[in-house]
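Listing of query-v3.cif, mmCIF, C-alpha atoms
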data_input
loop_
_atom_site.label_atom_id
_atom_site.label_comp_id
_atom_site.auth_asym_id
_atom_site.auth_seq_id
_atom_site.Cartn_x
_atom_site.Cartn_y
_atom_site.Cartn_z
CA MET A 1 142.92 40.27 9.53
CA ARG A 2 144.72 38.55 12.39
CA ARG A 3 146.67 35.35 11.82
CA ILE A 4 145.96 32.28 13.97
CA LEU A 5 147.96 29.03 14.08
CA ILE A 6 146.28 25.89 15.46
CA VAL A 7 148.39 22.77 15.99
CA GLY A 8 146.14 19.73 16.06
CA ALA A 9 143.18 18.74 13.89
CA GLY A 10 140.71 17.14 16.27
CA GLN A 11 137.32 18.20 17.59
CA ALA A 12 138.55 21.37 19.30
CA GLY A 13 141.19 22.53 16.85
CA LEU A 14 139.14 22.09 13.69
CA MET A 15 135.93 23.43 15.18
CA LEU A 16 137.77 26.58 16.25
CA ALA A 17 139.55 26.84 12.90
CA LEU A 18 136.31 26.56 10.93
CA SER A 19 134.57 29.07 13.17
CA LEU A 20 137.39 31.60 12.77
CA ARG A 21 137.44 31.14 8.99
CA GLN A 22 133.74 32.00 8.91
CA ASP A 23 134.72 35.32 10.51
CA GLY A 24 137.49 35.97 8.00
CA TYR A 25 140.52 35.21 10.17
CA GLU A 26 143.62 33.91 8.44
CA VAL A 27 143.95 30.45 9.97
CA THR A 28 146.60 27.75 9.55
CA VAL A 29 146.05 24.24 10.93
CA VAL A 30 148.85 21.74 11.43
CA SER A 31 147.61 18.17 11.05
CA ALA A 32 149.68 15.01 11.36
CA ARG A 33 147.27 13.16 9.04
CA THR A 34 145.53 13.86 5.74
CA PRO A 35 141.82 13.18 5.22
CA ASP A 36 142.70 9.96 3.40
CA ASP A 37 145.01 8.92 6.25
CA LEU A 38 142.18 9.48 8.72
CA ARG A 39 139.56 7.58 6.74
CA ARG A 40 141.89 4.60 6.26
CA GLY A 41 143.21 4.67 9.83
CA ARG A 42 142.34 3.25 13.22
CA VAL A 43 139.42 4.48 15.31
CA MET A 44 140.48 7.32 17.58
CA SER A 45 137.87 7.50 20.35
CA THR A 46 134.26 6.85 21.33
CA GLN A 47 133.30 10.57 21.04
CA TYR A 48 129.76 10.61 22.46
CA MET A 49 128.28 14.10 22.12
CA PHE A 50 125.26 15.44 23.97
CA GLY A 51 122.64 17.97 22.88
CA PRO A 52 124.35 21.21 23.99
CA ALA A 53 127.61 20.33 22.18
CA LEU A 54 125.74 19.21 19.06
CA ALA A 55 123.89 22.53 19.09
CA LEU A 56 127.24 24.35 18.97
CA GLU A 57 128.21 22.32 15.90
CA ARG A 58 124.88 22.98 14.20
CA SER A 59 125.15 26.72 14.84
CA ARG A 60 128.31 26.67 12.71
CA GLY A 61 126.97 24.33 10.02
CA LEU A 62 129.33 21.55 11.11
CA HIS A 63 127.07 18.69 12.17
CA LEU A 64 126.92 16.98 8.80
CA TRP A 65 125.58 13.59 9.94
CA ASP A 66 122.30 14.48 11.66
CA ASP A 67 120.24 12.22 9.41
CA GLU A 68 122.72 9.32 9.43
CA ALA A 69 123.96 8.93 13.00
CA PRO A 70 121.63 7.11 15.42
CA ARG A 71 119.84 9.51 17.76
CA ALA A 72 120.24 8.24 21.30
CA VAL A 73 117.46 9.37 23.64
CA GLY A 74 118.91 8.52 27.05
CA GLN A 75 121.07 6.23 29.14
CA ARG A 76 120.28 2.96 30.88
CA VAL A 77 122.28 2.39 34.08
CA THR A 78 122.62 -1.19 35.31
CA LEU A 79 124.46 -2.12 38.49
CA ALA A 80 125.75 -5.70 38.49
CA ASP A 81 126.39 -6.62 42.11
CA PRO A 82 127.38 -9.39 42.43
CA PRO A 83 128.62 -9.86 38.84
CA GLY A 84 126.10 -11.68 36.71
CA ARG A 85 123.05 -10.33 38.57
CA ARG A 86 121.24 -7.05 38.05
CA ALA A 87 120.94 -5.34 41.43
CA LEU A 88 119.68 -2.00 40.10
CA GLU A 89 118.52 -0.64 36.75
CA PHE A 90 116.89 2.50 35.36
CA LEU A 91 116.59 4.42 32.11
CA GLY A 92 117.00 8.20 32.22
CA SER A 93 115.99 10.30 29.22
CA TRP A 94 117.96 13.32 28.03
CA GLU A 95 116.27 16.62 27.20
CA GLN A 96 117.93 16.46 23.76
CA HIS A 97 119.21 13.48 21.83
CA ALA A 98 122.91 12.58 21.65
CA GLN A 99 125.00 11.19 18.79
CA SER A 100 128.40 9.65 18.09
CA VAL A 101 130.18 10.00 14.75
CA ASP A 102 133.42 8.11 14.16
CA GLN A 103 136.17 10.73 14.18
CA ARG A 104 137.74 9.12 11.13
CA LEU A 105 134.71 10.36 9.20
CA LYS A 106 134.27 13.61 11.04
CA MET A 107 137.80 14.97 11.09
CA ALA A 108 138.46 13.99 7.47
CA ALA A 109 135.32 15.84 6.36
CA TRP A 110 136.11 18.86 8.53
CA LEU A 111 139.66 19.11 7.15
CA GLU A 112 138.28 19.11 3.61
CA LEU A 113 135.64 21.68 4.56
CA PHE A 114 138.31 23.89 6.13
CA GLU A 115 140.35 23.79 2.92
CA ASP A 116 137.19 24.50 0.90
CA ARG A 117 136.79 27.63 3.04
CA GLU A 118 140.32 28.67 2.03
CA GLY A 119 141.93 27.68 5.29
CA ARG A 120 145.56 26.56 5.09
CA VAL A 121 146.56 23.09 6.28
CA VAL A 122 150.14 21.95 6.83
CA TYR A 123 150.25 18.16 6.82
CA ARG A 124 153.15 17.06 8.98
CA SER A 125 154.08 16.02 12.50
CA VAL A 126 155.77 18.78 14.46
CA ALA A 127 157.91 19.02 17.58
CA ALA A 128 158.02 21.99 19.89
CA SER A 129 161.25 23.19 18.27
CA ASP A 130 159.50 23.29 14.87
CA LEU A 131 157.01 25.90 16.08
CA GLU A 132 159.32 28.81 16.93
CA GLY A 133 159.24 30.39 13.48
CA PRO A 134 155.54 29.79 12.79
CA ALA A 135 154.56 31.07 16.26
CA ALA A 136 156.55 34.25 15.75
CA SER A 137 154.76 34.93 12.44
CA HIS A 138 151.24 34.49 13.85
CA ASP A 139 149.30 36.63 16.29
CA LEU A 140 148.24 33.61 18.34
CA THR A 141 149.33 29.96 18.46
CA LEU A 142 147.07 27.34 20.01
CA ILE A 143 148.03 23.75 20.82
CA ALA A 144 145.14 21.34 20.33
CA ALA A 145 147.16 18.11 20.07
CA GLY A 146 146.42 16.44 23.39
CA ARG A 147 149.11 13.75 23.45
CA GLY A 148 152.86 13.51 23.10
CA GLU A 149 155.60 16.10 23.31
CA LEU A 150 153.45 19.16 22.69
CA ALA A 151 151.16 18.40 25.64
CA GLY A 152 154.34 18.30 27.71
CA LEU A 153 154.77 22.04 27.14
CA PHE A 154 152.06 22.59 29.74
CA ASP A 155 152.76 22.02 33.43
CA ARG A 156 150.44 19.91 35.55
CA ASP A 157 148.22 21.98 37.85
CA PRO A 158 148.37 20.17 41.22
CA ARG A 159 145.52 22.26 42.66
CA ARG A 160 143.07 20.95 40.09
CA THR A 161 144.43 17.46 39.41
CA VAL A 162 143.16 14.60 41.58
CA PHE A 163 144.94 11.55 40.12
CA ASP A 164 148.53 10.80 39.15
CA ARG A 165 147.87 7.65 37.09
CA PRO A 166 145.12 6.05 34.99
CA GLN A 167 142.12 4.93 37.03
CA ARG A 168 140.84 2.69 34.25
CA MET A 169 142.44 0.69 31.44
CA LEU A 170 140.39 1.15 28.29
CA SER A 171 139.50 -0.93 25.28
CA CYS A 172 136.82 -0.43 22.64
CA VAL A 173 135.54 -2.19 19.55
CA TYR A 174 133.07 -1.03 16.88
CA LEU A 175 130.48 -3.66 15.92
CA HIS A 176 127.70 -4.33 13.45
CA GLY A 177 124.83 -6.63 14.37
CA VAL A 178 124.30 -5.76 18.04
CA THR A 179 120.59 -6.28 18.73
CA PRO A 180 118.39 -3.60 20.39
CA TRP A 181 117.27 -3.76 23.99
CA PRO A 182 114.09 -5.88 23.94
CA ASP A 183 111.70 -3.58 25.82
CA HIS A 184 113.25 -0.32 24.60
CA PRO A 185 114.51 -0.66 21.01
CA GLU A 186 114.94 3.11 20.57
CA PRO A 187 118.70 3.93 20.52
CA HIS A 188 120.16 4.67 23.94
CA VAL A 189 123.47 4.29 25.77
CA ARG A 190 123.80 1.39 28.20
CA ILE A 191 126.08 1.81 31.20
CA ASN A 192 126.87 -1.44 33.04
CA ALA A 193 128.72 -0.92 36.32
CA LEU A 194 130.57 -3.69 38.16
CA PRO A 195 131.66 -2.19 41.52
CA GLY A 196 135.38 -2.52 42.09
CA ILE A 197 135.84 -4.13 38.67
CA GLY A 198 134.91 -1.55 36.04
CA GLU A 199 132.25 -0.70 33.48
CA LEU A 200 130.97 -1.66 30.06
CA PHE A 201 129.41 1.05 27.87
CA VAL A 202 127.28 0.06 24.88
CA MET A 203 126.76 3.01 22.52
CA PRO A 204 124.98 3.44 19.18
CA ALA A 205 127.16 5.31 16.70
CA LEU A 206 127.96 5.98 13.04
CA THR A 207 131.15 4.66 11.47
CA ARG A 208 132.52 4.60 7.93
CA THR A 209 130.52 1.44 7.13
CA GLY A 210 127.25 2.80 8.50
CA PRO A 211 125.38 2.69 11.84
CA CYS A 212 127.12 0.56 14.44
CA THR A 213 127.49 -0.07 18.17
CA ILE A 214 130.59 0.69 20.24
CA LEU A 215 131.58 -1.46 23.20
CA LEU A 216 133.83 0.42 25.61
CA TRP A 217 135.36 -1.50 28.51
CA GLU A 218 136.63 0.55 31.46
CA ALA A 219 138.73 -1.79 33.61
CA VAL A 220 139.92 -1.13 37.13
CA PRO A 221 143.68 -1.81 36.89
CA GLY A 222 144.55 -5.32 38.01
CA GLY A 223 140.95 -6.55 37.96
CA PRO A 224 139.28 -9.19 35.78
CA LEU A 225 138.40 -6.68 33.06
CA ASP A 226 142.03 -5.55 32.79
CA CYS A 227 142.80 -8.15 30.14
CA TRP A 228 143.64 -6.18 27.00
CA GLN A 229 147.40 -5.74 27.27
CA ASP A 230 147.96 -8.00 24.24
CA ARG A 231 145.81 -5.64 22.10
CA PRO A 232 143.79 -8.40 20.42
CA SER A 233 142.47 -8.18 16.87
CA PRO A 234 138.85 -7.05 16.38
CA GLU A 235 137.71 -10.68 16.11
CA GLU A 236 139.63 -11.65 19.25
CA HIS A 237 138.33 -8.57 21.06
CA LEU A 238 134.77 -9.56 20.26
CA ALA A 239 135.36 -13.16 21.35
CA ARG A 240 136.82 -11.96 24.67
CA SER A 241 133.94 -9.52 25.10
CA ARG A 242 131.51 -12.40 24.66
CA GLU A 243 133.33 -14.40 27.34
CA LEU A 244 133.28 -11.49 29.77
CA THR A 245 129.64 -10.59 29.19
CA ARG A 246 128.48 -14.21 29.38
CA GLU A 247 130.01 -14.48 32.85
CA LEU A 248 129.55 -10.98 34.24
CA LEU A 249 126.80 -9.25 32.21
CA PRO A 250 124.67 -11.99 30.58
CA TRP A 251 121.99 -9.51 29.46
CA GLU A 252 124.61 -7.85 27.25
CA TYR A 253 125.93 -11.20 25.99
CA GLU A 254 122.50 -11.82 24.50
CA ARG A 255 122.84 -8.63 22.46
CA ILE A 256 126.22 -9.46 20.85
CA THR A 257 125.92 -13.13 19.93
CA GLU A 258 125.49 -12.28 16.23
CA ALA A 259 127.74 -9.20 16.14
CA GLU A 260 130.83 -8.74 13.98
CA PRO A 261 133.57 -6.07 13.82
CA THR A 262 132.96 -3.14 11.49
CA ASP A 263 136.46 -3.11 9.95
CA PRO A 264 140.03 -4.30 10.55
CA LEU A 265 141.00 -1.12 12.47
CA CYS A 266 137.98 -0.78 14.75
CA THR A 267 139.69 -1.36 18.11
CA LEU A 268 141.52 0.98 20.47
CA TYR A 269 143.44 0.35 23.69
CA GLY A 270 145.09 2.47 26.36
CA GLY A 271 144.73 4.32 29.63
CA ILE A 272 144.22 7.99 30.43
CA SER A 273 145.69 9.70 33.45
CA PRO A 274 143.18 12.49 34.18
CA VAL A 275 144.97 15.81 34.48
CA VAL A 276 144.42 19.55 34.48
CA ARG A 277 147.36 21.53 33.14
CA ARG A 278 148.31 25.18 33.27
CA PRO A 279 147.12 26.87 30.08
CA ILE A 280 150.27 28.62 28.87
CA GLY A 281 153.17 26.71 27.37
CA ARG A 282 156.62 28.01 26.55
CA LEU A 283 158.43 27.01 23.36
CA PRO A 284 162.20 26.35 23.61
CA ALA A 285 163.12 29.92 22.58
CA GLY A 286 160.49 31.50 24.82
CA SER A 287 157.37 32.05 22.69
CA ARG A 288 154.10 31.53 24.55
CA VAL A 289 151.35 29.23 23.25
CA LEU A 290 147.84 28.56 24.57
CA GLY A 291 146.56 25.04 25.19
CA MET A 292 143.00 23.96 24.55
CA ALA A 293 140.62 21.05 25.25
CA ASP A 294 142.40 17.76 26.13
CA VAL A 295 145.76 19.52 26.26
CA VAL A 296 144.70 21.41 29.38
CA VAL A 297 141.75 19.38 30.76
CA LEU A 298 141.97 15.63 30.14
CA ASN A 299 139.27 13.38 31.62
CA ASP A 300 138.72 9.64 31.60
CA PRO A 301 135.84 8.86 29.19
CA ILE A 302 133.69 7.39 31.98
CA ALA A 303 131.32 10.38 31.81
CA ALA A 304 131.76 11.03 28.06
CA GLN A 305 133.00 14.58 28.60
CA GLY A 306 135.96 14.67 26.15
CA SER A 307 134.37 15.64 22.83
CA ASN A 308 131.75 17.72 24.60
CA ASN A 309 134.41 19.69 26.45
CA ALA A 310 136.32 20.11 23.18
CA ALA A 311 133.27 21.62 21.46
CA HIS A 312 132.63 23.99 24.34
CA CYS A 313 136.31 24.93 24.48
CA ALA A 314 136.30 25.80 20.76
CA ALA A 315 133.17 27.93 21.22
CA ILE A 316 134.56 29.76 24.28
CA TYR A 317 137.96 30.41 22.69
CA HIS A 318 136.25 31.60 19.52
CA ARG A 319 134.22 34.12 21.49
CA CYS A 320 137.25 35.33 23.44
CA ILE A 321 139.33 35.77 20.26
CA ARG A 322 136.57 37.78 18.59
CA GLU A 323 136.05 39.95 21.66
CA ARG A 324 139.78 40.70 21.83
CA GLY A 325 139.60 42.60 18.55
CA GLU A 326 143.03 44.04 17.81
CA GLY A 327 144.23 43.72 21.41
CA PRO A 328 147.29 41.58 22.18
CA PHE A 329 146.92 37.86 22.84
CA ASP A 330 149.19 38.22 25.85
CA GLU A 331 149.55 36.05 28.95
CA PRO A 332 146.77 37.78 30.96
CA TRP A 333 144.38 37.25 28.04
CA MET A 334 145.45 33.61 27.73
CA ARG A 335 144.80 32.99 31.43
CA GLU A 336 141.42 34.70 31.31
CA THR A 337 140.44 32.71 28.23
CA PHE A 338 141.37 29.42 29.85
CA GLU A 339 139.55 30.33 33.06
CA ALA A 340 136.41 30.98 31.01
CA TYR A 341 136.77 27.46 29.65
CA TRP A 342 137.61 25.95 33.04
CA ASP A 343 134.41 27.46 34.43
CA HIS A 344 132.62 25.07 32.08
CA ALA A 345 135.01 22.09 32.19
CA ARG A 346 135.33 21.91 35.98
CA HIS A 347 131.81 20.49 36.30
CA GLY A 348 132.40 17.60 33.91
CA THR A 349 135.78 16.99 35.53
CA ARG A 350 134.11 16.70 38.92
CA LEU A 351 131.53 14.27 37.54
CA SER A 352 134.20 12.14 35.84
CA ASN A 353 136.41 12.01 38.93
CA THR A 354 133.44 11.11 41.15
CA LEU A 355 132.47 8.19 38.91
CA LEU A 356 136.03 6.84 38.88
CA GLY A 357 136.08 6.25 42.64
CA PRO A 358 133.80 4.29 44.96
CA LEU A 359 130.46 6.07 44.79
CA PRO A 360 129.62 8.05 47.95
CA GLU A 361 126.64 6.71 49.89
CA HIS A 362 124.43 9.67 49.03
CA VAL A 363 125.07 9.12 45.28
CA GLN A 364 124.15 5.46 45.72
CA ARG A 365 120.86 6.59 47.30
CA VAL A 366 120.24 8.82 44.27
CA LEU A 367 120.67 5.82 41.96
CA GLN A 368 118.30 3.77 44.09
CA ALA A 369 115.73 6.57 43.92
CA ALA A 370 116.13 6.72 40.14
CA THR A 371 114.78 3.17 39.87
CA ARG A 372 111.50 4.37 41.43
CA HIS A 373 111.19 7.94 40.17
CA PRO A 374 111.61 8.77 36.45
CA GLU A 375 112.23 12.43 37.38
CA VAL A 376 115.35 11.45 39.35
CA ALA A 377 116.54 9.18 36.55
CA ALA A 378 116.11 11.96 33.97
CA ARG A 379 117.81 14.58 36.14
CA PHE A 380 120.79 12.32 36.76
CA ALA A 381 121.06 11.38 33.08
CA ASP A 382 120.82 14.94 31.82
CA GLY A 383 123.64 15.89 34.18
CA TYR A 384 126.03 14.17 31.76
CA ALA A 385 124.90 16.64 29.08
CA ARG A 386 124.88 19.63 31.45
CA PRO A 387 127.28 18.80 34.29
CA SER A 388 126.86 22.20 35.95
CA THR A 389 123.28 21.21 36.82
CA LEU A 390 124.61 18.51 39.18
CA ASP A 391 126.35 20.93 41.52
CA ASP A 392 123.30 21.99 43.50
CA TRP A 393 122.05 18.51 44.38
CA LEU A 394 124.20 15.49 43.48
CA PHE A 395 127.61 16.25 44.92
CA ASP A 396 126.53 17.45 48.37
CA PRO A 397 125.04 14.87 50.79
CA ASP A 398 122.67 17.35 52.46
CA GLN A 399 121.41 18.77 49.19
CA ALA A 400 120.93 15.29 47.73
CA ALA A 401 118.98 14.21 50.82
CA ALA A 402 116.78 17.30 50.61
CA TYR A 403 116.02 16.64 46.96
CA LEU A 404 115.20 12.98 47.52
CA ALA A 405 113.01 13.87 50.49
CA SER A 406 110.69 15.73 48.11
CA PHE A 407 109.71 12.35 46.63
CA SER A 408 108.79 10.70 49.93
#
Any chance you could give the structure as structure tokens?
Amino acid sequence: MRRILIVGAGQAGLMLALSLRQDGYEVTVVSARTPDDLRRGRVMSTQYMFGPALALERSRGLHLWDDEAPRAVGQRVTLADPPGRRALEFLGSWEQHAQSVDQRLKMAAWLELFEDREGRVVYRSVAASDLEGPAASHDLTLIAAGRGELAGLFDRDPRRTVFDRPQRMLSCVYLHGVTPWPDHPEPHVRINALPGIGELFVMPALTRTGPCTILLWEAVPGGPLDCWQDRPSPEEHLARSRELTRELLPWEYERITEAEPTDPLCTLYGGISPVVRRPIGRLPAGSRVLGMADVVVLNDPIAAQGSNNAAHCAAIYHRCIRERGEGPFDEPWMRETFEAYWDHARHGTRLSNTLLGPLPEHVQRVLQAATRHPEVAARFADGYARPSTLDDWLFDPDQAAAYLASFS
């Protein structure tokens, strides 16, 4: 059986590794952290996953928290313009529920499951120069570690990359004690948009201490929400979040007055420069490696595409590897495999990039229509789960106008 090396133990790398082990491939995963390191460590993301991506996990027996993680049924969009006043609001339901599981739990459990399935894990940090020997002894080497030196093996694709710097500065905190929305207590994601300033996402999730709520601030650089450079403690983060919501989003302030941080390492800070990279990297001595998920398509979390793209990437790469049989994993195959993934990821990338800029007028009209027509609200919301469904109506002014005209 063919030998596969996967460097990186996140959503994409481990999902692919576990899928290949089910098929009998000899798979080695390189992970910088052990399961215990992960469980004891800092939160890594907000990782909201929609129905189609969860279905891929379930098909492989990997969604182990179905009965524990809150099942979110949709997303509430609130436009605060001017800050402090709700100018627009609607709730759009998804066709399938969504869930978020703290990656400290998820990746630790998946690593242990992979070892239970007789997969090999090498626990160490690696540089590109460390991979020459291992790459030469495997039929295929994939890079699934989206940050640092290894991501630098892959050149930026200027044709597919819109931005050259972060469009938002990010901070999140995991909380217990956030109260439900009064007239809709069923779990759902709340998206609060402050034009020209940023966004606050409020998301039900599961962490290592049980069900929780994640606050994710997306701050336009230099604006009033861009106030996290000092990386405050969880308690200080919550206090600052209360100050911001009291002034700018008072309806959310009411929900967090009794909240408290879930643990001492429940905050995360940073900024993501959205980028699409070329899929084939070259190691120092010339070996070729294939990038996957965030390594080759990295989006800001504003549309929650990261973990979803990673799951779809793992599924697409898995299929392409199986279909290759005993054929060579050469450069043409690598390009074709990435293009199969890009055919999926390009839709979520377009959605994410659209939401990062000033919304076009026709998209603003769609949001206004969603406040009056539940069908529009649901179609817009479900586009986050299935971004390809947005292409034929949301992104084109004429098509959007034709769709909205059907409701007049």
Exercise for the section: Could you state which residues are captured by the PyMOL selection byres ((chain A and resi 325-339) around 8) in this file, as a ChimeraX atom specification? Expected result: /A:2,139-140,279-280,288,290,292,316-317,320-324,340-343
Handout entry: Within 12 Å of file point (117.1, 4.4, 12.5), counting all atoms listed in the file, expressed as a PyMOL selection string
Key = chain A and resi 66-72+180+185-188+204-206+210-212
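Across the model, the gap from atom CA of A:Leu355 to atom CA of A:Asn192 is 12.6 Å.
Here atom CA of A:Ala381 and atom CA of A:Gln75 stand 6.5 Å from one another.
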Handout entry: Proximity to A:Ser129 - best of A:Arg282, A:Arg147, A:His63, A:Arg3, only C-alpha atoms
Key =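 Under the stated criterion, the closest residue is A:Arg282.
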Practice task
For the point (117.4, 1.5, 40.0) in the file's frame, write as a list in words all residues with an atom no more than 9 Å away, counting only C-alpha atoms.
Solution key: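 Neighbouring residues, ordered by chain and number, come to Val77, Thr78, Leu79, Ala87, Leu88, Glu89, Phe90, Leu91, Val366, Leu367, Gln368, Ala369, Ala370, Thr371, Arg372, His373 and Ala377 of chain A.
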Would you save the residues of that selection, restricted to C-alpha atoms, as a short mmCIF file (atom, residue, chain, number, x, y, z; two decimals), keeping the file's coordinate frame?
data_model
loop_
_atom_site.label_atom_id
_atom_site.label_comp_id
_atom_site.auth_asym_id
_atom_site.auth_seq_id
_atom_site.Cartn_x
_atom_site.Cartn_y
_atom_site.Cartn_z
CA VAL A 77 122.28 2.39 34.08
CA THR A 78 122.62 -1.19 35.31
CA LEU A 79 124.46 -2.12 38.49
CA ALA A 87 120.94 -5.34 41.43
CA LEU A 88 119.68 -2.00 40.10
CA GLU A 89 118.52 -0.64 36.75
CA PHE A 90 116.89 2.50 35.36
CA LEU A 91 116.59 4.42 32.11
CA VAL A 366 120.24 8.82 44.27
CA LEU A 367 120.67 5.82 41.96
CA GLN A 368 118.30 3.77 44.09
CA ALA A 369 115.73 6.57 43.92
CA ALA A 370 116.13 6.72 40.14
CA THR A 371 114.78 3.17 39.87
CA ARG A 372 111.50 4.37 41.43
CA HIS A 373 111.19 7.94 40.17
CA ALA A 377 116.54 9.18 36.55
#
Practice task
Give as a list in words the residues that the PyMOL selection byres ((chain A and resi 241-248) around 9) matches when applied to the coordinates above.
Solution key: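 Listing what the PyMOL selection byres ((chain A and resi 241-248) around 9) selects in the shown file: Ala80, Pro82, Pro83, Gly84, Arg85, Leu194, Leu215, Trp217, Pro224, Leu225, Glu236, His237, Leu238, Ala239, Arg240, Leu249, Pro250, Trp251, Glu252, Tyr253, Glu254, Ile256 and Thr257 of chain A.
Using all atoms listed in the file, the shortest contact distance between A:Phe50 and any of A:Trp65, A:Tyr384, A:Trp181, A:Tyr403 is found at A:Tyr384.
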Exercise for the section: Could you expand the PyMOL selection byres ((chain A and resi 269) around 10) into the explicit residues it covers here, written as a ChimeraX atom specification? Expected result: /A:44-45,169-173,216-217,228-232,267-268,270-271
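Proximity ranking of A:Asp294, A:Glu112, A:Asp155, A:Asp81 relative to A:Gly10 places A:Asp294 first, based on all atoms listed in the file.
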Handout entry: Pick from A:Gly61, A:Gly41, A:Pro182, A:Pro166 nearest to A:Pro221, counting only C-alpha atoms
Key =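 Checking each candidate against A:Pro221, we get A:Pro166 as the closest.
Atom pair atom CA of A:Phe380 / atom CA of A:Pro195 has a distance of 18.7 Å (rounded to one decimal).
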Using only C-alpha atoms, which protein or nucleic acid residues come within 9 Å of stretch 27-38 of chain A? Drop anything in the same chain fewer than 4 positions from it, and give the result as a short mmCIF file (atom, residue, chain, number, x, y, z; two decimals) with C-alpha atoms, keeping the file's coordinate frame.
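Listing of part.cif after writing:
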data_model
loop_
_atom_site.label_atom_id
_atom_site.label_comp_id
_atom_site.auth_asym_id
_atom_site.auth_seq_id
_atom_site.Cartn_x
_atom_site.Cartn_y
_atom_site.Cartn_z
CA ARG A 2 144.72 38.55 12.39
CA ARG A 3 146.67 35.35 11.82
CA ILE A 4 145.96 32.28 13.97
CA LEU A 5 147.96 29.03 14.08
CA ILE A 6 146.28 25.89 15.46
CA VAL A 7 148.39 22.77 15.99
CA GLY A 8 146.14 19.73 16.06
CA ALA A 9 143.18 18.74 13.89
CA GLY A 10 140.71 17.14 16.27
CA GLY A 13 141.19 22.53 16.85
CA LEU A 14 139.14 22.09 13.69
CA ALA A 17 139.55 26.84 12.90
CA LEU A 18 136.31 26.56 10.93
CA LEU A 20 137.39 31.60 12.77
CA ARG A 21 137.44 31.14 8.99
CA ARG A 42 142.34 3.25 13.22
CA VAL A 43 139.42 4.48 15.31
CA GLN A 103 136.17 10.73 14.18
CA ARG A 104 137.74 9.12 11.13
CA LEU A 105 134.71 10.36 9.20
CA MET A 107 137.80 14.97 11.09
CA ALA A 108 138.46 13.99 7.47
CA ALA A 109 135.32 15.84 6.36
CA TRP A 110 136.11 18.86 8.53
CA LEU A 111 139.66 19.11 7.15
CA GLU A 112 138.28 19.11 3.61
CA GLU A 118 140.32 28.67 2.03
CA GLY A 119 141.93 27.68 5.29
CA ARG A 120 145.56 26.56 5.09
CA VAL A 121 146.56 23.09 6.28
CA VAL A 122 150.14 21.95 6.83
CA TYR A 123 150.25 18.16 6.82
CA ARG A 124 153.15 17.06 8.98
CA SER A 125 154.08 16.02 12.50
CA VAL A 126 155.77 18.78 14.46
#
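Checking A:Gly196, A:Pro158, A:Gly133, A:Pro301 one by one against A:Met49, counting all atoms listed in the file, you find the shortest gap at A:Pro301.
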Enclose all atoms of stretch 251-262 of chain A listed in the file in an axis-aligned box, grow every side by 8 Å, and hand back centre and edge lengths in Å to one decimal, as JSON.
{"center_x": 127.8, "center_y": -8.1, "center_z": 20.5, "size_x": 27.6, "size_y": 26.0, "size_z": 34.0}
